[in-house]
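Just below is one structure, and these are the notes that go with it.
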Number of protein chains: 2
Amino acid sequence: MVIKLTNRVTATDVAREAGVSQSAVSLVMSGKWRGRIAPAVADRIQRTAANMDYQPNLAARSLRRGVTGSVLLAIPTLSNPFFADVHSGAARVGEAHDIGLVVFPANSDDDPGPFQSPHQAIDGVLACALRQQDTLALSAGLPLVLLDDVSGNGIPSVTFDLDLGVTEAIAHLAELGHQHVLHVRAGRDATTFHRRAAAFADEIARRPGMIGSELVCPITLPEALDTVMRELSRTPRPSAVFCDDDNLAMAVYAAAVRLGLTIPNQLSVIGVDDLPIATVMTPPLTTIALPAYDLGRLGMLALVELRQGRAADSASLPVSLQVRASTAPPAVR
Amino acid sequence: MVIKLTNRVTATDVAREAGVSQSAVSLVMSGKWRGRIAPAVADRIQRTAANMDYQPNLAARSLRRGVTGSVLLAIPTLSNPFFADVHSGAARVGEAHDIGLVVFPANSDDDPGPFQSPHQAIDGVLACALRQQDTLALSAGLPLVLLDDVSGNGIPSVTFDLDLGVTEAIAHLAELGHQHVLHVRAGRDATTFHRRAAAFADEIARRPGMIGSELVCPITLPEALDTVMRELSRTPRPSAVFCDDDNLAMAVYAAAVRLGLTIPNQLSVIGVDDLPIATVMTPPLTTIALPAYDLGRLGMLALVELRQGRAADSASLPVSLQVRASTAPPAVR
DNA sequence: TTGTAGGCGTTATCAA
DNA sequence: TTGATAACGCCTACAA
């Protein structure tokens with residue numbers, strides 16, 4: 001015996017109680033009664049509904065309207081605080097448009113394969129830095145906006161000016177006098193990380209005398225630590241490290257301590273994201289700040305456009321290098 | 001012009017295409033055709049449906065069945081990796097029961113007030129360490145299971161043996177010779193933190209010669225750092241700190257460095273959660289490991305019971321102190 | 001200004 | 001084994 005949500009109070013019940021027609025209740029509940037229902041009656045209906053704790057059945061409403069009023073924010077993992085701000089931004093905009101926002105971690109990186117997804121129980125998908133196959137599987141024909149991701153297929157997207165950010169970061173290191181920079185790449189298959197790698201390579205190539213190397217790193221912290229430690233134990237050692245995100249920078253910090261390298265004197269470190277943790281690290285982390293909140297905000301805005309049948313254009317958000325204490329001139333050897 | 005999801009292919013379309021009745025399609029799609037539809041026909045229907053990319057309309061199905069097949073995992077914040085494991089556990093069980101799981105951050109701590117929630121678009125709620133009013137607002141009469149939380153009202157819950165964990169932690173400190181322990185409390189209104197505080201106070205009281213003090217701390221990292229720094233600057237200084245979670249321990253680490261206190265020699269630190277970060281911190285953090293995955297798993301199991309009209313009993317999960325390098329005998333003064 | 005009726009796509013019942 | 005048919009609860013023309 002499965003409990004049915006059907007036993008709830010319906011609009012008809014409210015109508016009977018308030019002595020009006022069911023459609024009157026419907027009109028009032030959906031807020032379209034102006035000029036169709038007497039204010040006094042509308043008021044009575046509203047009070048009755050509140051009394052009876054009436055909530056319109058969303059399934060019925062969706063069926064009738066052909067729209068559910070909620071969208072999915074799909075993210076690669078729940079374990080990165082970065083997405084909290086993305087969610088806030090998107091949720092805020094959603095709120096203004098009566099759109100509920102719900103989060104779905106599409107962690108197909110994990111062993112268990114993708115979890116069951118609420119396919120058409122939603123009107124649209126905000127896909128944030130997912131692997132391409134996950135994005136496709138999730139959206140399945142629904143209005144879709146890509147966050148921190150792009151596709152060649154004209155799907156609207158909101159991205160960061162990562163190229164500029166990387167340029168700024170490398171320029172910062174170059175000015176300090178660094179010549180050998182290691183790029184600690186996130187070992188996750190997402191466009192954004194490929195772009196970062198390309199930007200890094202380009203930027204290094206543009207600067208004669210600078211050499212870059214690359215280390216692909218698991219994004220799980222303990223494994224990242226091991227990987228980084230192995231790399232930094234080798235010679236020649238880079239004098240600076242550019243990390244794909246602040247969590248990886250954490251791993252680099254840990255590796256540095258264990259190897260007896262002091263940051264920033266023996267090793268400069270730059271991250272990406274500017275998570276809250278960046279200011280608390282020792283020393284405070286120089287990092288490329290990504291406007292996560294705006295990413296979510298503009299993404300939801302674009303999705304709203306899409307939902308209304310209008311074209312949504314893509315946007316790119318400026319980033320900024322936050323110079324803190326993890327970068328300094330390299331030690332003279 | 002709002003795009004309607006209605007333009008999708010319906011069961012009737014599939015039926016027409018496959019030359020069968022619509023109900024046959026329905027039967028096959030819901031997997032209840034055994035003994036009612038000829039296998040050959042069922043197979044044809046399945047292939048036709050796949051060809052036409054038919055997906056049953058969830059709104060219609062929910063309306064008819066009175067059940068949506070998805071539940072909500074409500075968490076206080078997206079920015080704590082702890083909840084990632086809770087989600088994994090719950091999602092895994094949900095999968096086995098064809099229940100989709102979706103995450104909702106009920107961050108009513110933030111300025112903007114609670115975001116719009118997908119009220120009856122769901123069958124049940126797993127509320128994890130929320131404030132009471134948030135839990136109530138979200139569940140609104142739906143089947144509800146509390147995670148890491150309890151209520152006096154007989155709502156089924158899954159919790160941790162926090163008392164035992166705290167006892168173990170304090171015993172560990174006592175054995176090392178600590179006499180003055182500071183409890184860094186999470187400044188968030190949730191039952192679990194109240195329980196931790198009570199357990200801490202009780203445990204200290206039980207041990208003659210030990211004194212405890214308490215510091216309520218914002219859970220946002222930079223603010224936590226400030227608060228802890230102020231507290232640790234005062235004298236007498238505790239020789240050990242028990243933190244409500246690993247993030248707060250992070251803040252304590254940062255404060256210690258800034259104050260020139262070495263961990264563990266001048267300050268021992270214990271956390272709660274055993275996040276991945278705990279092993280990467282310097283020194284690795286001694287912490288009470290909480291089985292987050294099992295929390296989610298048992299919670300979903302209980303919710304499944306509830307959904308089927310059976311009573312669900314509450315459970316309490318064992319925790320274990322992971323002794324690492326952040327605790328040591330206090331320095332002699 | 002109010003009420004009536006039709007239908008959204010499914011599932012379940014029942015007769016064929 | 002199959003095919004009509006009646007709900008599920010709501011929204012919205014349209015009639016009163």
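Scheme for the structure tokens: letters A, B, ... for chains in order shown; per-chain residue numbers from 1; ligand numbers from 1 in order shown.
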Do me a favour and pick out the residues of chain C within 7 Å of chain A, using only C-alpha atoms (C1' of nucleotides), as number ranges by chain. C: 1, 3, 8
Suppose we keep N, CA and C atoms (P, O5', C5', C4', C3', O3' and C1' of nucleotides); can you now write the selection as a short mmCIF file (atom, residue, chain, number, x, y, z; two decimals), in the first residue's frame?
data_model
loop_
_atom_site.label_atom_id
_atom_site.label_comp_id
_atom_site.auth_asym_id
_atom_site.auth_seq_id
_atom_site.Cartn_x
_atom_site.Cartn_y
_atom_site.Cartn_z
P DT C 1 -16.45 43.07 -11.69
"O5'" DT C 1 -16.92 41.57 -11.40
"C5'" DT C 1 -17.95 41.36 -10.47
"C4'" DT C 1 -18.60 40.06 -10.79
"C3'" DT C 1 -17.85 38.80 -10.34
"O3'" DT C 1 -18.48 38.31 -9.17
"C1'" DT C 1 -18.91 38.53 -12.46
P DG C 3 -20.30 30.76 -8.67
"O5'" DG C 3 -20.56 29.84 -9.95
"C5'" DG C 3 -21.85 29.82 -10.52
"C4'" DG C 3 -21.81 29.07 -11.83
"C3'" DG C 3 -21.34 27.61 -11.72
"O3'" DG C 3 -22.20 26.82 -12.51
"C1'" DG C 3 -20.11 28.73 -13.40
P DC C 8 -6.11 16.68 -24.98
"O5'" DC C 8 -4.73 16.86 -24.22
"C5'" DC C 8 -4.13 18.15 -24.06
"C4'" DC C 8 -3.31 18.14 -22.79
"C3'" DC C 8 -2.64 16.80 -22.53
"O3'" DC C 8 -1.32 16.83 -23.08
"C1'" DC C 8 -3.66 17.70 -20.53
#
Can you tell me, as a PyMOL selection string, what residues are no more than 12 Å from B:Pro264 when counting only C-alpha atoms (C1' of nucleotides), ignoring any on the same chain fewer than 3 positions away? chain B and resi 173+176+178+239-241+252-253+256-257+261+267-270+282-286+324-331
Please, which residues of stretch 152-260 of chain B, numbered as in this document, come out strand (DSSP E) from DSSP, as a PyMOL selection string? chain B and resi 157-160+180-186+211-217+240-243
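Close contacts of A:Ser79, defined as residues with an atom at most 9 Å away when counting only C-alpha atoms (C1' of nucleotides), with chain neighbours fewer than 3 positions off set aside, comprise Pro76, Phe82 and Phe83 of chain A; Leu78, Ser79, Asn80, Pro81, Phe82, Phe83, Ala84 and Asp85 of chain B.
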Please, which residues in chain C fall within 10 Å of stretch 3-6 of chain D when counting only C-alpha atoms (C1' of nucleotides), and what is the closest atom pair and distance in Å to one decimal for each, ordered by chain then residue number, as a tab-separated table?
residue	atom	partner	partner_atom	distance
C:DA12	C1'	D:DA6	C1'	9.2
C:DT13	C1'	D:DA6	C1'	8.5
C:DC14	C1'	D:DT5	C1'	9.1
C:DA15	C1'	D:DA4	C1'	8.9
C:DA16	C1'	D:DG3	C1'	8.4
